[in-house]
Structure formats: structure tokens, C-alpha cells
file upload_28.pdb (PDB, C-alpha atoms)
ATOM      1  CA  MET L   1       0.000   0.000   0.000  1.00  0.00           C
ATOM      2  CA  ASN L   2       1.402   3.403  -0.924  1.00  0.00           C
ATOM      3  CA  ARG L   3       1.471   6.692   0.993  1.00  0.00           C
ATOM      4  CA  GLU L   4      -1.494   8.171  -0.914  1.00  0.00           C
ATOM      5  CA  ILE L   5      -3.719   5.223  -0.015  1.00  0.00           C
ATOM      6  CA  GLU L   6      -2.580   5.298   3.619  1.00  0.00           C
ATOM      7  CA  THR L   7      -3.360   9.026   3.777  1.00  0.00           C
ATOM      8  CA  ILE L   8      -6.898   8.469   2.482  1.00  0.00           C
ATOM      9  CA  LEU L   9      -7.505   5.555   4.877  1.00  0.00           C
ATOM     10  CA  ASN L  10      -6.218   7.558   7.846  1.00  0.00           C
ATOM     11  CA  ALA L  11      -8.492  10.459   6.960  1.00  0.00           C
ATOM     12  CA  LEU L  12     -11.465   8.110   6.513  1.00  0.00           C
ATOM     13  CA  SER L  13     -10.825   6.678   9.977  1.00  0.00           C
ATOM     14  CA  GLU L  14     -11.432  10.143  11.475  1.00  0.00           C
ATOM     15  CA  THR L  15     -14.924  10.656  10.026  1.00  0.00           C
ATOM     16  CA  PRO L  16     -16.833   8.851  12.814  1.00  0.00           C
ATOM     17  CA  ARG L  17     -15.079  10.957  15.448  1.00  0.00           C
ATOM     18  CA  LEU L  18     -15.729  14.191  13.561  1.00  0.00           C
ATOM     19  CA  LEU L  19     -19.373  13.268  13.043  1.00  0.00           C
ATOM     20  CA  ARG L  20     -19.895  12.448  16.723  1.00  0.00           C
ATOM     21  CA  GLU L  21     -18.119  15.663  17.728  1.00  0.00           C
ATOM     22  CA  LEU L  22     -20.358  17.784  15.494  1.00  0.00           C
ATOM     23  CA  ILE L  23     -23.564  16.097  16.599  1.00  0.00           C
ATOM     24  CA  THR L  24     -22.589  16.442  20.268  1.00  0.00           C
ATOM     25  CA  GLU L  25     -21.933  20.158  19.878  1.00  0.00           C
ATOM     26  CA  ILE L  26     -25.099  20.990  17.913  1.00  0.00           C
ATOM     27  CA  ASP L  27     -28.358  21.832  19.687  1.00  0.00           C
ATOM     28  CA  SER L  28     -30.451  18.643  19.462  1.00  0.00           C
ATOM     29  CA  LYS L  29     -33.552  20.735  18.639  1.00  0.00           C
ATOM     30  CA  LEU L  30     -31.968  21.335  15.239  1.00  0.00           C
ATOM     31  CA  TYR L  31     -31.323  17.672  14.359  1.00  0.00           C
ATOM     32  CA  LYS L  32     -34.601  16.982  12.548  1.00  0.00           C
ATOM     33  CA  LYS L  33     -35.416  20.549  11.550  1.00  0.00           C
ATOM     34  CA  LYS L  34     -35.547  21.215   7.810  1.00  0.00           C
ATOM     35  CA  ILE L  35     -33.281  24.255   7.973  1.00  0.00           C
ATOM     36  CA  VAL L  36     -32.986  24.455   4.193  1.00  0.00           C
ATOM     37  CA  LYS L  37     -36.381  23.933   2.570  1.00  0.00           C
ATOM     38  CA  GLY L  38     -36.483  20.813   0.429  1.00  0.00           C
ATOM     39  CA  LYS L  39     -33.090  19.581   1.666  1.00  0.00           C
ATOM     40  CA  TRP L  40     -32.015  17.023   4.230  1.00  0.00           C
ATOM     41  CA  SER L  41     -31.873  17.768   7.933  1.00  0.00           C
ATOM     42  CA  ILE L  42     -28.781  17.363  10.115  1.00  0.00           C
ATOM     43  CA  HIS L  43     -30.179  13.997  11.240  1.00  0.00           C
ATOM     44  CA  GLU L  44     -30.521  12.785   7.653  1.00  0.00           C
ATOM     45  CA  HIS L  45     -27.028  13.891   6.643  1.00  0.00           C
ATOM     46  CA  ALA L  46     -25.517  12.259   9.729  1.00  0.00           C
ATOM     47  CA  THR L  47     -27.283   8.922   9.355  1.00  0.00           C
ATOM     48  CA  HIS L  48     -26.581   8.884   5.616  1.00  0.00           C
ATOM     49  CA  ILE L  49     -22.829   9.194   6.224  1.00  0.00           C
ATOM     50  CA  ALA L  50     -22.937   6.576   8.954  1.00  0.00           C
ATOM     51  CA  VAL L  51     -24.667   3.842   6.952  1.00  0.00           C
ATOM     52  CA  GLY L  52     -23.294   4.630   3.482  1.00  0.00           C
ATOM     53  CA  ASP L  53     -20.396   2.223   3.857  1.00  0.00           C
ATOM     54  CA  ILE L  54     -22.749  -0.726   4.384  1.00  0.00           C
ATOM     55  CA  TYR L  55     -25.049   0.057   1.471  1.00  0.00           C
ATOM     56  CA  GLY L  56     -22.389   0.975  -1.035  1.00  0.00           C
ATOM     57  CA  PHE L  57     -18.705   1.213  -0.354  1.00  0.00           C
ATOM     58  CA  GLN L  58     -18.107  -2.117   1.403  1.00  0.00           C
ATOM     59  CA  LYS L  59     -19.986  -3.872  -1.393  1.00  0.00           C
ATOM     60  CA  ARG L  60     -17.826  -2.088  -3.953  1.00  0.00           C
ATOM     61  CA  LEU L  61     -14.611  -3.049  -2.184  1.00  0.00           C
ATOM     62  CA  ASN L  62     -15.759  -6.675  -2.194  1.00  0.00           C
ATOM     63  CA  ALA L  63     -16.603  -6.430  -5.893  1.00  0.00           C
ATOM     64  CA  PHE L  64     -13.122  -5.076  -6.654  1.00  0.00           C
ATOM     65  CA  ARG L  65     -11.621  -8.058  -4.800  1.00  0.00           C
ATOM     66  CA  GLN L  66     -13.860 -10.652  -6.461  1.00  0.00           C
ATOM     67  CA  GLN L  67     -14.240  -9.370 -10.018  1.00  0.00           C
ATOM     68  CA  GLU L  68     -11.711  -8.411 -12.649  1.00  0.00           C
ATOM     69  CA  LYS L  69     -13.710  -5.419 -13.940  1.00  0.00           C
ATOM     70  CA  PRO L  70     -16.763  -4.738 -11.756  1.00  0.00           C
ATOM     71  CA  ILE L  71     -19.666  -2.676 -13.029  1.00  0.00           C
ATOM     72  CA  PHE L  72     -21.187  -0.137 -10.638  1.00  0.00           C
ATOM     73  CA  GLU L  73     -24.309   1.958 -10.661  1.00  0.00           C
ATOM     74  CA  PRO L  74     -24.318   5.420  -9.073  1.00  0.00           C
ATOM     75  CA  LEU L  75     -25.039   5.550  -5.357  1.00  0.00           C
ATOM     76  CA  SER L  76     -27.605   8.036  -4.129  1.00  0.00           C
ATOM     77  CA  GLY L  77     -29.530   8.781  -0.972  1.00  0.00           C
ATOM     78  CA  ASP L  78     -32.510   9.094  -3.304  1.00  0.00           C
ATOM     79  CA  ASN L  79     -32.498   5.296  -3.721  1.00  0.00           C
ATOM     80  CA  PHE L  80     -33.972   4.943  -0.221  1.00  0.00           C
ATOM     81  CA  ASP L  81     -37.510   5.548   1.051  1.00  0.00           C
ATOM     82  CA  GLU L  82     -38.081   9.231   1.770  1.00  0.00           C
ATOM     83  CA  ASP L  83     -38.065   8.749   5.566  1.00  0.00           C
ATOM     84  CA  PHE L  84     -35.370   6.050   5.714  1.00  0.00           C
ATOM     85  CA  PHE L  85     -32.574   8.209   7.136  1.00  0.00           C
ATOM     86  CA  MET L  86     -34.900  10.231   9.379  1.00  0.00           C
ATOM     87  CA  GLU L  87     -36.248   7.064  11.011  1.00  0.00           C
ATOM     88  CA  LEU L  88     -32.817   5.719  11.969  1.00  0.00           C
ATOM     89  CA  ASP L  89     -31.754   6.125  15.606  1.00  0.00           C
ATOM     90  CA  LEU L  90     -29.113   8.854  15.361  1.00  0.00           C
ATOM     91  CA  LYS L  91     -27.101   7.979  18.477  1.00  0.00           C
ATOM     92  CA  LYS L  92     -27.061   4.252  17.732  1.00  0.00           C
ATOM     93  CA  VAL L  93     -26.097   4.782  14.102  1.00  0.00           C
ATOM     94  CA  ILE L  94     -23.236   7.114  15.046  1.00  0.00           C
ATOM     95  CA  ASN L  95     -21.967   4.666  17.677  1.00  0.00           C
ATOM     96  CA  ASP L  96     -22.173   1.819  15.143  1.00  0.00           C
ATOM     97  CA  PHE L  97     -20.366   3.938  12.549  1.00  0.00           C
ATOM     98  CA  PHE L  98     -17.012   3.476  14.311  1.00  0.00           C
ATOM     99  CA  GLU L  99     -17.136  -0.280  13.681  1.00  0.00           C
ATOM    100  CA  ILE L 100     -18.668   0.089  10.214  1.00  0.00           C
ATOM    101  CA  ARG L 101     -15.919   2.448   9.061  1.00  0.00           C
ATOM    102  CA  HIS L 102     -13.252   0.271  10.696  1.00  0.00           C
ATOM    103  CA  ARG L 103     -14.547  -2.657   8.612  1.00  0.00           C
ATOM    104  CA  THR L 104     -14.415  -0.572   5.420  1.00  0.00           C
ATOM    105  CA  ILE L 105     -10.800   0.354   6.125  1.00  0.00           C
ATOM    106  CA  GLU L 106      -9.887  -3.243   6.969  1.00  0.00           C
ATOM    107  CA  LEU L 107     -11.398  -4.409   3.657  1.00  0.00           C
ATOM    108  CA  ALA L 108      -9.195  -1.898   1.840  1.00  0.00           C
ATOM    109  CA  LYS L 109      -6.105  -2.971   3.784  1.00  0.00           C
ATOM    110  CA  GLU L 110      -6.670  -6.551   2.578  1.00  0.00           C
ATOM    111  CA  PHE L 111      -6.125  -5.437  -1.035  1.00  0.00           C
ATOM    112  CA  ASN L 112      -3.008  -6.548  -2.861  1.00  0.00           C
ATOM    113  CA  SER L 113      -1.331  -4.558  -5.648  1.00  0.00           C
ATOM    114  CA  ASN L 114      -3.455  -6.302  -8.275  1.00  0.00           C
ATOM    115  CA  ASP L 115      -6.645  -5.252  -6.479  1.00  0.00           C
ATOM    116  CA  TRP L 116      -5.493  -1.617  -6.226  1.00  0.00           C
ATOM    117  CA  ASN L 117      -4.795  -1.553  -9.964  1.00  0.00           C
ATOM    118  CA  LYS L 118      -8.203  -2.815 -11.042  1.00  0.00           C
ATOM    119  CA  LEU L 119     -10.565  -0.553 -12.919  1.00  0.00           C
ATOM    120  CA  ALA L 120     -14.335  -0.676 -12.775  1.00  0.00           C
ATOM    121  CA  ILE L 121     -17.011   0.571 -15.107  1.00  0.00           C
ATOM    122  CA  HIS L 122     -18.933   3.451 -13.558  1.00  0.00           C
ATOM    123  CA  PRO L 123     -21.241   5.697 -15.610  1.00  0.00           C
ATOM    124  CA  GLU L 124     -20.200   8.862 -13.748  1.00  0.00           C
ATOM    125  CA  TYR L 125     -16.431   8.356 -14.012  1.00  0.00           C
ATOM    126  CA  LYS L 126     -13.992   8.137 -16.902  1.00  0.00           C
ATOM    127  CA  THR L 127     -11.719   6.048 -14.648  1.00  0.00           C
ATOM    128  CA  TYR L 128     -12.853   4.317 -11.449  1.00  0.00           C
ATOM    129  CA  SER L 129     -10.366   2.439  -9.278  1.00  0.00           C
ATOM    130  CA  PRO L 130     -10.423   1.472  -5.595  1.00  0.00           C
ATOM    131  CA  TYR L 131      -8.290   4.518  -4.799  1.00  0.00           C
ATOM    132  CA  ILE L 132     -10.628   6.866  -6.668  1.00  0.00           C
ATOM    133  CA  MET L 133     -13.601   5.275  -4.902  1.00  0.00           C
ATOM    134  CA  LEU L 134     -12.054   5.766  -1.448  1.00  0.00           C
ATOM    135  CA  ARG L 135     -11.052   9.333  -2.277  1.00  0.00           C
ATOM    136  CA  HIS L 136     -14.640   9.924  -3.371  1.00  0.00           C
ATOM    137  CA  LEU L 137     -15.868   8.448  -0.077  1.00  0.00           C
ATOM    138  CA  LEU L 138     -13.664  10.906   1.815  1.00  0.00           C
ATOM    139  CA  MET L 139     -14.988  13.857  -0.213  1.00  0.00           C
ATOM    140  CA  HIS L 140     -18.542  12.550   0.319  1.00  0.00           C
ATOM    141  CA  ASP L 141     -17.953  12.390   4.082  1.00  0.00           C
ATOM    142  CA  HIS L 142     -16.593  15.917   4.197  1.00  0.00           C
ATOM    143  CA  ASN L 143     -19.359  17.293   1.992  1.00  0.00           C
ATOM    144  CA  HIS L 144     -21.989  16.021   4.436  1.00  0.00           C
ATOM    145  CA  LEU L 145     -19.944  17.027   7.488  1.00  0.00           C
ATOM    146  CA  TYR L 146     -19.727  20.547   6.087  1.00  0.00           C
ATOM    147  CA  LYS L 147     -23.499  20.684   5.583  1.00  0.00           C
ATOM    148  CA  ILE L 148     -24.059  19.455   9.142  1.00  0.00           C
ATOM    149  CA  GLU L 149     -21.686  22.056  10.532  1.00  0.00           C
ATOM    150  CA  ASP L 150     -23.215  24.827   8.433  1.00  0.00           C
ATOM    151  CA  MET L 151     -26.762  23.977   9.525  1.00  0.00           C
ATOM    152  CA  GLY L 152     -25.775  23.437  13.146  1.00  0.00           C
ATOM    153  CA  PHE L 153     -23.617  26.494  13.662  1.00  0.00           C
ATOM    154  CA  GLY L 154     -24.459  28.770  10.753  1.00  0.00           C
ATOM    155  CA  ILE L 155     -27.039  31.519  10.886  1.00  0.00           C
ATOM    156  CA  GLY L 156     -29.398  29.701   8.496  1.00  0.00           C
ATOM    157  CA  HIS L 157     -31.428  28.181  11.346  1.00  0.00           C
ATOM    158  CA  VAL L 158     -31.975  31.588  12.967  1.00  0.00           C
ATOM    159  CA  LYS L 159     -34.113  32.905  10.104  1.00  0.00           C
TER     160      LYS L 159
END
call {"tool": "encode", "arguments": {"input": "upload_28.pdb", "output": "C-alpha cells"}}
result
Amino acid sequence: MNREIETILNALSETPRLLRELITEIDSKLYKKKIVKGKWSIHEHATHIAVGDIYGFQKRLNAFRQQEKPIFEPLSGDNFDEDFFMELDLKKVINDFFEIRHRTIELAKEFNSNDWNKLAIHPEYKTYSPYIMLRHLLMHDHNHLYKIEDMGFGIGHVK
């Protein structure tokens, strides 16, 4: 495993801690409030991050290990029932996220050089490798963490 991969995996390992820290610091009255009309609440963003590995990224890592050229469909929170993320128990999901993310990272650490060099077919990417997928996961995490922070500490909820 090279330095770039290790850097991504180390950063991914911090997401559960950052998520818990944000949620702990935000007023719980804001969790389920639709601060931005037509957009997800803090609760929905948080639970989406916390379960995304199970519904998408762990499956993709397994596909990279088991298939020579896996074919992936785009992942989207829109693929779930409208209330799916809102109905999840926020505290339980965040606590479980530490183990879920650990498992994702362990799956990646099991890769050999052949696995890291595989390419998949993905309709949204010109090139899609395990490294690109994990980098995307990190950007996905931080995108949702930013939205949580903005809604929890920004002035948008004061309006």
C-alpha cells in the first residue's frame, strides 16, 4: 500500500469521530429541523454518512476483490424511502459507525497490488479504481460534514 492510499484511509478513519463531535456540539432541537427547505436535515445527513459504507462502499470493495472489472451503478440517498434516514436512531447509528468504518478500512487494507490496480465501469467516471472510490468516499464524508456544521452552527437556522 502506498502513501497516498494510507493518507486516504487515515483520513477516513477520522470521520466517525468528527461526526460524533459535530452532533454532540449541535443543539439537538436542530437535528430533525428542515433548515434548508427541500433539503435534508442534520439527522438525515448524519445517518446517511454513517450507513453509506454498508449500502455501497463495502460492497464495492468486495466487488473489486472478487471481479476483474466490476460494473457499478451510481449511489444516491434518493435510492432509499423518503423517511429512511430520518427514522434511523441517530445515536445508535453514530456509535455503530465506528465499527462500520473500521470494517471498510480493513477491507481496503486486505487489497493486494493487483486489487489496487483494477478498474471498474462506472457511468459517472472516466476512470474508477479502488483509490478513486475511497477518495470519493472521503470527499462525500466531508461534503456532508460541512453541511451538518453549516446547519448546526451557521445563521441559516436563525431565520
call {"tool": "residues_around", "arguments": {"input": "upload_28.pdb", "residues": "Leu30 (chain L)", "least_positions_apart": "2", "cutoff": "9 Å", "atoms": "all atoms listed in the file", "output": "CSV table (one decimal) with C-alpha atoms, in the coordinates of the input"}}
result
chain,number,residue,atom,x,y,z
L,26,ILE,CA,-25.1,21.0,17.9
L,27,ASP,CA,-28.4,21.8,19.7
L,28,SER,CA,-30.5,18.6,19.5
L,32,LYS,CA,-34.6,17.0,12.5
L,33,LYS,CA,-35.4,20.5,11.6
L,34,LYS,CA,-35.5,21.2,7.8
L,35,ILE,CA,-33.3,24.3,8.0
L,41,SER,CA,-31.9,17.8,7.9
L,42,ILE,CA,-28.8,17.4,10.1
L,43,HIS,CA,-30.2,14.0,11.2
L,151,MET,CA,-26.8,24.0,9.5
L,152,GLY,CA,-25.8,23.4,13.1
L,157,HIS,CA,-31.4,28.2,11.3
call {"tool": "residues_around", "arguments": {"input": "upload_28.pdb", "residues": "region 87-91 of chain L", "least_positions_apart": "5", "cutoff": "9 Å", "atoms": "all atoms listed in the file", "output": "number ranges by chain"}}
result
L: 20, 43-44, 46-47, 96
call {"tool": "closest_residue", "arguments": {"input": "upload_28.pdb", "among": "L:Gly38, L:Gly56, L:Pro70, L:Gly154", "to": "Lys118 (chain L)", "atoms": "all atoms listed in the file"}}
result
L:Pro70
call {"tool": "residues_around", "arguments": {"input": "upload_28.pdb", "residues": "Trp116 (chain L)", "least_positions_apart": "4", "cutoff": "12 Å", "atoms": "only C-alpha atoms", "output": "list in words"}}
result
Met1, Asn2, Glu4, Ile5, Leu61, Phe64, Arg65, Glu68, Lys69, Leu107, Ala108, Lys109, Glu110, Phe111, Asn112, Ala120, Tyr128, Ser129, Pro130, Tyr131, Ile132, Met133 and Leu134 of chain L
call {"tool": "atom_distance", "arguments": {"input": "upload_28.pdb", "atom1": "CA of Asp81 (chain L)", "atom2": "CA of His48 (chain L)"}}
result
12.3 Å
call {"tool": "atom_distance", "arguments": {"input": "upload_28.pdb", "atom1": "CA of Asp53 (chain L)", "atom2": "CA of His144 (chain L)"}}
result
13.9 Å
call {"tool": "atom_distance", "arguments": {"input": "upload_28.pdb", "atom1": "CA of Glu124 (chain L)", "atom2": "CA of Leu75 (chain L)"}}
result
10.2 Å
call {"tool": "closest_residue", "arguments": {"input": "upload_28.pdb", "among": "L:Ile54, L:Ile71, L:Leu12, L:Ile148", "to": "Ile100 (chain L)", "atoms": "all atoms listed in the file"}}
result
L:Ile54
call {"tool": "residues_around", "arguments": {"input": "upload_28.pdb", "residues": "Phe97 (chain L)", "least_positions_apart": "3", "cutoff": "8 Å", "atoms": "only C-alpha atoms", "output": "ChimeraX atom specification"}}
result
/L:16,50-51,93-94,100-101
call {"tool": "axis_aligned_box", "arguments": {"input": "upload_28.pdb", "around": "region 78-96 of chain L", "padding_each_side": "6 Å", "output": "JSON"}}
result
{"center_x": -30.0, "center_y": 6.0, "center_z": 7.4, "size_x": 28.1, "size_y": 20.4, "size_z": 34.2}
call {"tool": "residues_near_point", "arguments": {"input": "upload_28.pdb", "point": "(-22.3, 15.1, 5.9)", "cutoff": "7 Å", "atoms": "all atoms listed in the file", "output": "ChimeraX atom specification"}}
result
/L:45-46,49,141-148
call {"tool": "closest_residue", "arguments": {"input": "upload_28.pdb", "among": "L:Glu149, L:Asn10, L:Gln58, L:Trp40", "to": "Asp83 (chain L)", "atoms": "only C-alpha atoms"}}
result
L:Trp40
call {"tool": "decode", "arguments": {"input": "upload_28.pdb", "residues": "region 50-142 of chain L", "atoms": "C-alpha atoms", "output": "PDB file, in the first residue's frame"}}
result
ATOM      1  CA  ALA L  50     -22.937   6.576   8.954  1.00  0.00           C
ATOM      2  CA  VAL L  51     -24.667   3.842   6.952  1.00  0.00           C
ATOM      3  CA  GLY L  52     -23.294   4.630   3.482  1.00  0.00           C
ATOM      4  CA  ASP L  53     -20.396   2.223   3.857  1.00  0.00           C
ATOM      5  CA  ILE L  54     -22.749  -0.726   4.384  1.00  0.00           C
ATOM      6  CA  TYR L  55     -25.049   0.057   1.471  1.00  0.00           C
ATOM      7  CA  GLY L  56     -22.389   0.975  -1.035  1.00  0.00           C
ATOM      8  CA  PHE L  57     -18.705   1.213  -0.354  1.00  0.00           C
ATOM      9  CA  GLN L  58     -18.107  -2.117   1.403  1.00  0.00           C
ATOM     10  CA  LYS L  59     -19.986  -3.872  -1.393  1.00  0.00           C
ATOM     11  CA  ARG L  60     -17.826  -2.088  -3.953  1.00  0.00           C
ATOM     12  CA  LEU L  61     -14.611  -3.049  -2.184  1.00  0.00           C
ATOM     13  CA  ASN L  62     -15.759  -6.675  -2.194  1.00  0.00           C
ATOM     14  CA  ALA L  63     -16.603  -6.430  -5.893  1.00  0.00           C
ATOM     15  CA  PHE L  64     -13.122  -5.076  -6.654  1.00  0.00           C
ATOM     16  CA  ARG L  65     -11.621  -8.058  -4.800  1.00  0.00           C
ATOM     17  CA  GLN L  66     -13.860 -10.652  -6.461  1.00  0.00           C
ATOM     18  CA  GLN L  67     -14.240  -9.370 -10.018  1.00  0.00           C
ATOM     19  CA  GLU L  68     -11.711  -8.411 -12.649  1.00  0.00           C
ATOM     20  CA  LYS L  69     -13.710  -5.419 -13.940  1.00  0.00           C
ATOM     21  CA  PRO L  70     -16.763  -4.738 -11.756  1.00  0.00           C
ATOM     22  CA  ILE L  71     -19.666  -2.676 -13.029  1.00  0.00           C
ATOM     23  CA  PHE L  72     -21.187  -0.137 -10.638  1.00  0.00           C
ATOM     24  CA  GLU L  73     -24.309   1.958 -10.661  1.00  0.00           C
ATOM     25  CA  PRO L  74     -24.318   5.420  -9.073  1.00  0.00           C
ATOM     26  CA  LEU L  75     -25.039   5.550  -5.357  1.00  0.00           C
ATOM     27  CA  SER L  76     -27.605   8.036  -4.129  1.00  0.00           C
ATOM     28  CA  GLY L  77     -29.530   8.781  -0.972  1.00  0.00           C
ATOM     29  CA  ASP L  78     -32.510   9.094  -3.304  1.00  0.00           C
ATOM     30  CA  ASN L  79     -32.498   5.296  -3.721  1.00  0.00           C
ATOM     31  CA  PHE L  80     -33.972   4.943  -0.221  1.00  0.00           C
ATOM     32  CA  ASP L  81     -37.510   5.548   1.051  1.00  0.00           C
ATOM     33  CA  GLU L  82     -38.081   9.231   1.770  1.00  0.00           C
ATOM     34  CA  ASP L  83     -38.065   8.749   5.566  1.00  0.00           C
ATOM     35  CA  PHE L  84     -35.370   6.050   5.714  1.00  0.00           C
ATOM     36  CA  PHE L  85     -32.574   8.209   7.136  1.00  0.00           C
ATOM     37  CA  MET L  86     -34.900  10.231   9.379  1.00  0.00           C
ATOM     38  CA  GLU L  87     -36.248   7.064  11.011  1.00  0.00           C
ATOM     39  CA  LEU L  88     -32.817   5.719  11.969  1.00  0.00           C
ATOM     40  CA  ASP L  89     -31.754   6.125  15.606  1.00  0.00           C
ATOM     41  CA  LEU L  90     -29.113   8.854  15.361  1.00  0.00           C
ATOM     42  CA  LYS L  91     -27.101   7.979  18.477  1.00  0.00           C
ATOM     43  CA  LYS L  92     -27.061   4.252  17.732  1.00  0.00           C
ATOM     44  CA  VAL L  93     -26.097   4.782  14.102  1.00  0.00           C
ATOM     45  CA  ILE L  94     -23.236   7.114  15.046  1.00  0.00           C
ATOM     46  CA  ASN L  95     -21.967   4.666  17.677  1.00  0.00           C
ATOM     47  CA  ASP L  96     -22.173   1.819  15.143  1.00  0.00           C
ATOM     48  CA  PHE L  97     -20.366   3.938  12.549  1.00  0.00           C
ATOM     49  CA  PHE L  98     -17.012   3.476  14.311  1.00  0.00           C
ATOM     50  CA  GLU L  99     -17.136  -0.280  13.681  1.00  0.00           C
ATOM     51  CA  ILE L 100     -18.668   0.089  10.214  1.00  0.00           C
ATOM     52  CA  ARG L 101     -15.919   2.448   9.061  1.00  0.00           C
ATOM     53  CA  HIS L 102     -13.252   0.271  10.696  1.00  0.00           C
ATOM     54  CA  ARG L 103     -14.547  -2.657   8.612  1.00  0.00           C
ATOM     55  CA  THR L 104     -14.415  -0.572   5.420  1.00  0.00           C
ATOM     56  CA  ILE L 105     -10.800   0.354   6.125  1.00  0.00           C
ATOM     57  CA  GLU L 106      -9.887  -3.243   6.969  1.00  0.00           C
ATOM     58  CA  LEU L 107     -11.398  -4.409   3.657  1.00  0.00           C
ATOM     59  CA  ALA L 108      -9.195  -1.898   1.840  1.00  0.00           C
ATOM     60  CA  LYS L 109      -6.105  -2.971   3.784  1.00  0.00           C
ATOM     61  CA  GLU L 110      -6.670  -6.551   2.578  1.00  0.00           C
ATOM     62  CA  PHE L 111      -6.125  -5.437  -1.035  1.00  0.00           C
ATOM     63  CA  ASN L 112      -3.008  -6.548  -2.861  1.00  0.00           C
ATOM     64  CA  SER L 113      -1.331  -4.558  -5.648  1.00  0.00           C
ATOM     65  CA  ASN L 114      -3.455  -6.302  -8.275  1.00  0.00           C
ATOM     66  CA  ASP L 115      -6.645  -5.252  -6.479  1.00  0.00           C
ATOM     67  CA  TRP L 116      -5.493  -1.617  -6.226  1.00  0.00           C
ATOM     68  CA  ASN L 117      -4.795  -1.553  -9.964  1.00  0.00           C
ATOM     69  CA  LYS L 118      -8.203  -2.815 -11.042  1.00  0.00           C
ATOM     70  CA  LEU L 119     -10.565  -0.553 -12.919  1.00  0.00           C
ATOM     71  CA  ALA L 120     -14.335  -0.676 -12.775  1.00  0.00           C
ATOM     72  CA  ILE L 121     -17.011   0.571 -15.107  1.00  0.00           C
ATOM     73  CA  HIS L 122     -18.933   3.451 -13.558  1.00  0.00           C
ATOM     74  CA  PRO L 123     -21.241   5.697 -15.610  1.00  0.00           C
ATOM     75  CA  GLU L 124     -20.200   8.862 -13.748  1.00  0.00           C
ATOM     76  CA  TYR L 125     -16.431   8.356 -14.012  1.00  0.00           C
ATOM     77  CA  LYS L 126     -13.992   8.137 -16.902  1.00  0.00           C
ATOM     78  CA  THR L 127     -11.719   6.048 -14.648  1.00  0.00           C
ATOM     79  CA  TYR L 128     -12.853   4.317 -11.449  1.00  0.00           C
ATOM     80  CA  SER L 129     -10.366   2.439  -9.278  1.00  0.00           C
ATOM     81  CA  PRO L 130     -10.423   1.472  -5.595  1.00  0.00           C
ATOM     82  CA  TYR L 131      -8.290   4.518  -4.799  1.00  0.00           C
ATOM     83  CA  ILE L 132     -10.628   6.866  -6.668  1.00  0.00           C
ATOM     84  CA  MET L 133     -13.601   5.275  -4.902  1.00  0.00           C
ATOM     85  CA  LEU L 134     -12.054   5.766  -1.448  1.00  0.00           C
ATOM     86  CA  ARG L 135     -11.052   9.333  -2.277  1.00  0.00           C
ATOM     87  CA  HIS L 136     -14.640   9.924  -3.371  1.00  0.00           C
ATOM     88  CA  LEU L 137     -15.868   8.448  -0.077  1.00  0.00           C
ATOM     89  CA  LEU L 138     -13.664  10.906   1.815  1.00  0.00           C
ATOM     90  CA  MET L 139     -14.988  13.857  -0.213  1.00  0.00           C
ATOM     91  CA  HIS L 140     -18.542  12.550   0.319  1.00  0.00           C
ATOM     92  CA  ASP L 141     -17.953  12.390   4.082  1.00  0.00           C
ATOM     93  CA  HIS L 142     -16.593  15.917   4.197  1.00  0.00           C
TER      94      HIS L 142
END
